[in-house]
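To keep things clear, I will list the structure first and then write my remarks on it.
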Amino acid sequence: MRQESLVTKYDYDFENDSIFFYGSDKKYKTSADLDGIILDISEDHQIMAIEILDASKRFNLAKEDLRNVRYFEAAIDISQENIRITMKMSVSKRNKLVDKGLNALGLNSINLPISSQEIALNC
């Protein structure tokens with residue numbers, strides 16, 4: 001079963017090079033850290049926010065470009081053993097959209113239930 005959530009905001013911390021996509025009104029329960037990609041999880045096991053540390057390096061973009069995100073989506077597939085995230089982002093650079101992607105895989109060490117979820121943000 002695929003669950004979808006819309007995030008409504010993003011913040012980019014230029015100094016620390018971290019980007020945070022959020023907006024869910026659900027109640028926070030815990031976080032899962034997949035080697036610098038942090039998922040905030042609600043009480044009903046929905047992904048409610050994603051923080052990406054060292055974002056410019058991970059997406060191979062200049063830090064200035066991360067101030068101009070136009071679109072972000074993430075597909076999160078949770079199995080009994082793993083959490084797999086596939087992310088796509090578009091940024092505006094010199095009046096053109098530049099598309100970037102990022103994949104991450106980590107252990108399901110907090111025993112989230114098996115699910116497929118998506119989050120998206122249009123700016």
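Every chain in the structure tokens takes a letter, A first, then B, and so on in the order presented; its residues are numbered from 1, and the ligands are numbered from 1 following the presented order.
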
Contact residues around segment 55-57 of chain A with only C-alpha atoms at 8 Å, ignoring same-chain residues under 2 positions, as a short mmCIF file (atom, residue, chain, number, x, y, z; two decimals) with N, CA, C and O atoms, in the first residue's frame:
```cif
data_model
loop_
_atom_site.label_atom_id
_atom_site.label_comp_id
_atom_site.auth_asym_id
_atom_site.auth_seq_id
_atom_site.Cartn_x
_atom_site.Cartn_y
_atom_site.Cartn_z
N ASP A 17 24.90 23.55 5.51
CA ASP A 17 24.64 22.78 4.30
C ASP A 17 23.64 21.64 4.54
O ASP A 17 23.86 20.51 4.15
N SER A 18 22.54 21.98 5.20
CA SER A 18 21.48 20.98 5.41
C SER A 18 20.15 21.54 4.91
O SER A 18 19.86 22.72 5.06
N ILE A 19 19.39 20.66 4.27
CA ILE A 19 18.09 21.05 3.75
C ILE A 19 17.03 20.21 4.44
O ILE A 19 17.24 19.03 4.72
N ILE A 52 18.39 16.49 5.01
CA ILE A 52 19.54 15.96 4.28
C ILE A 52 20.76 16.78 4.67
O ILE A 52 20.82 17.99 4.40
N LEU A 53 21.70 16.14 5.35
CA LEU A 53 22.93 16.81 5.74
C LEU A 53 23.92 16.77 4.58
O LEU A 53 23.87 15.86 3.74
N PHE A 59 23.87 16.16 -3.58
CA PHE A 59 23.17 16.43 -4.84
C PHE A 59 24.09 17.00 -5.92
O PHE A 59 23.65 17.29 -7.02
N ASN A 60 25.37 17.20 -5.59
CA ASN A 60 26.34 17.75 -6.53
C ASN A 60 25.86 19.09 -7.11
O ASN A 60 25.77 19.28 -8.32
N LEU A 61 25.52 19.99 -6.18
CA LEU A 61 25.05 21.33 -6.53
C LEU A 61 25.82 22.36 -5.70
O LEU A 61 26.31 22.06 -4.61
N ALA A 62 25.89 23.57 -6.19
CA ALA A 62 26.43 24.67 -5.40
C ALA A 62 25.45 24.98 -4.26
O ALA A 62 24.23 24.84 -4.43
N LYS A 63 25.98 25.40 -3.14
CA LYS A 63 25.11 25.73 -2.01
C LYS A 63 24.08 26.79 -2.38
O LYS A 63 22.93 26.71 -1.95
N LEU A 66 20.76 25.53 -3.81
CA LEU A 66 19.79 24.91 -2.90
C LEU A 66 18.85 25.93 -2.26
O LEU A 66 17.90 25.56 -1.59
#
```

List the neighbours of Ile110 of chain A out to 12 Å using only C-alpha atoms; skip same-chain residues closer than 4 positions along the sequence, and give me the result as a VMD selection string. chain A and resid 29 to 34 39 41 45 78 to 83 106 114

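When atom CA of Asp25 of chain A is paired with atom CA of Met48 of chain A, their separation reads 8.1 Å.
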
Among segment 37-110 of chain A, which residues carry a DSSP assignment of alpha helix (DSSP H), reported as a PDB file with N, CA, C and O atoms, in the first residue's frame?
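Output contents, as saved in part.pdb:
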```pdb
ATOM      1  N   ALA A  55      23.986  18.562   1.974  1.00  0.00           N
ATOM      2  CA  ALA A  55      23.086  18.487   0.814  1.00  0.00           C
ATOM      3  C   ALA A  55      23.770  18.867  -0.496  1.00  0.00           C
ATOM      4  O   ALA A  55      23.550  18.211  -1.517  1.00  0.00           O
ATOM      5  N   SER A  56      24.593  19.903  -0.506  1.00  0.00           N
ATOM      6  CA  SER A  56      25.220  20.320  -1.766  1.00  0.00           C
ATOM      7  C   SER A  56      26.148  19.233  -2.298  1.00  0.00           C
ATOM      8  O   SER A  56      26.201  18.991  -3.502  1.00  0.00           O
ATOM      9  N   LYS A  57      26.839  18.555  -1.408  1.00  0.00           N
ATOM     10  CA  LYS A  57      27.728  17.465  -1.840  1.00  0.00           C
ATOM     11  C   LYS A  57      26.922  16.271  -2.332  1.00  0.00           C
ATOM     12  O   LYS A  57      27.245  15.658  -3.349  1.00  0.00           O
ATOM     13  N   ARG A  58      25.866  15.932  -1.606  1.00  0.00           N
ATOM     14  CA  ARG A  58      25.065  14.761  -1.973  1.00  0.00           C
ATOM     15  C   ARG A  58      24.362  14.945  -3.321  1.00  0.00           C
ATOM     16  O   ARG A  58      24.247  14.009  -4.093  1.00  0.00           O
ATOM     17  N   PHE A  59      23.868  16.163  -3.580  1.00  0.00           N
ATOM     18  CA  PHE A  59      23.169  16.434  -4.839  1.00  0.00           C
ATOM     19  C   PHE A  59      24.091  17.001  -5.923  1.00  0.00           C
ATOM     20  O   PHE A  59      23.645  17.289  -7.024  1.00  0.00           O
TER      21      PHE A  59
END
```

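Distances here use only C-alpha atoms; by that measure, the residue among A:Ile38, A:Glu64, A:Val98, A:Glu43 closest to Ile85 of chain A is A:Ile38.
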
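Comparing A:Lys100, A:Lys93, A:Arg67, A:Lys88 by their smallest distance to Asp13 of chain A, the closest is A:Arg67 (using only C-alpha atoms).
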
Taking the chain letters and numbering used in this document, name the residues of segment 41-89 of chain A that DSSP puts in strand (DSSP E or B), as a VMD selection string. chain A and resid 41 to 42 47 to 52 69 to 78 82 to 89

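The interatomic distance for the pair atom CA of Gln117 of chain A and atom CA of Ala75 of chain A works out to 5.8 Å.
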
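When only C-alpha atoms are used to compute distances to Gly36 of chain A, the closest of the residues A:Val69, A:Leu97, A:Ala104, A:Met89 turns out to be A:Ala104.
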
Got a sec: who's within 12 Å of Cys123 of chain A, counting only C-alpha atoms, leaving out chain neighbours fewer than 4 positions off, as a compact mmCIF listing (two decimals) with N, CA, C and O atoms, in the first residue's frame?
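The new file part27.txt reads:
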```
# COMPACT_ATOMS: atom_id res chain seq x y z
N LEU A 6 2.03 15.41 1.41
CA LEU A 6 2.57 16.63 0.82
C LEU A 6 3.31 17.39 1.91
O LEU A 6 2.76 17.61 2.99
N VAL A 7 4.55 17.73 1.63
CA VAL A 7 5.25 18.65 2.53
C VAL A 7 4.98 20.04 1.99
O VAL A 7 4.78 20.23 0.79
N THR A 8 4.92 21.01 2.87
CA THR A 8 4.51 22.34 2.46
C THR A 8 5.63 23.37 2.50
O THR A 8 5.46 24.47 2.00
N LYS A 9 6.76 23.01 3.10
CA LYS A 9 7.83 23.98 3.26
C LYS A 9 9.19 23.29 3.14
O LYS A 9 9.30 22.09 3.34
N TYR A 10 10.18 24.12 2.86
CA TYR A 10 11.55 23.64 3.00
C TYR A 10 12.41 24.78 3.53
O TYR A 10 12.09 25.95 3.34
N ASP A 11 13.46 24.42 4.23
CA ASP A 11 14.44 25.37 4.73
C ASP A 11 15.81 24.86 4.33
O ASP A 11 16.08 23.66 4.42
N PHE A 21 12.87 19.33 4.49
CA PHE A 21 11.55 19.37 3.86
C PHE A 21 10.54 18.91 4.92
O PHE A 21 10.69 17.82 5.49
N ARG A 67 19.07 27.19 -2.51
CA ARG A 67 18.14 28.22 -2.08
C ARG A 67 16.98 28.38 -3.07
O ARG A 67 16.05 29.11 -2.82
N ASN A 68 17.07 27.68 -4.21
CA ASN A 68 16.09 27.84 -5.28
C ASN A 68 15.43 26.52 -5.68
O ASN A 68 15.28 26.23 -6.86
N VAL A 69 15.05 25.73 -4.69
CA VAL A 69 14.37 24.47 -4.98
C VAL A 69 12.98 24.77 -5.53
O VAL A 69 12.24 25.59 -4.99
N ARG A 70 12.63 24.13 -6.62
CA ARG A 70 11.31 24.30 -7.24
C ARG A 70 10.44 23.07 -7.09
O ARG A 70 9.22 23.14 -7.16
N TYR A 71 11.08 21.90 -6.90
CA TYR A 71 10.32 20.67 -6.77
C TYR A 71 11.17 19.65 -6.02
O TYR A 71 12.38 19.58 -6.20
N PHE A 72 10.52 18.87 -5.17
CA PHE A 72 11.19 17.79 -4.45
C PHE A 72 10.20 16.65 -4.29
O PHE A 72 9.03 16.88 -3.98
N GLU A 73 10.67 15.44 -4.50
CA GLU A 73 9.85 14.27 -4.19
C GLU A 73 10.75 13.17 -3.67
O GLU A 73 11.94 13.10 -4.01
N MET A 89 14.93 16.13 -7.21
CA MET A 89 14.80 17.54 -6.90
C MET A 89 15.09 18.35 -8.15
O MET A 89 15.95 17.99 -8.94
N SER A 90 14.37 19.45 -8.31
CA SER A 90 14.63 20.42 -9.37
C SER A 90 14.95 21.75 -8.72
O SER A 90 14.24 22.19 -7.82
N VAL A 91 16.03 22.38 -9.18
CA VAL A 91 16.39 23.71 -8.71
C VAL A 91 16.46 24.65 -9.90
O VAL A 91 16.74 24.23 -11.02
N SER A 92 16.21 25.91 -9.63
CA SER A 92 16.29 26.93 -10.67
C SER A 92 17.70 27.49 -10.68
O SER A 92 18.21 27.94 -9.66
```

Close residues, Thr86 of chain A itself excluded, 10 Å, only C-alpha atoms, min 5 positions apart in chain, as a ChimeraX atom specification: /A:73-77,101-105,118

Which of these, A:Asp65, A:Leu107, A:Met87, A:Asp99, has the shortest distance to Asp35 of chain A once you count only C-alpha atoms? A:Leu107
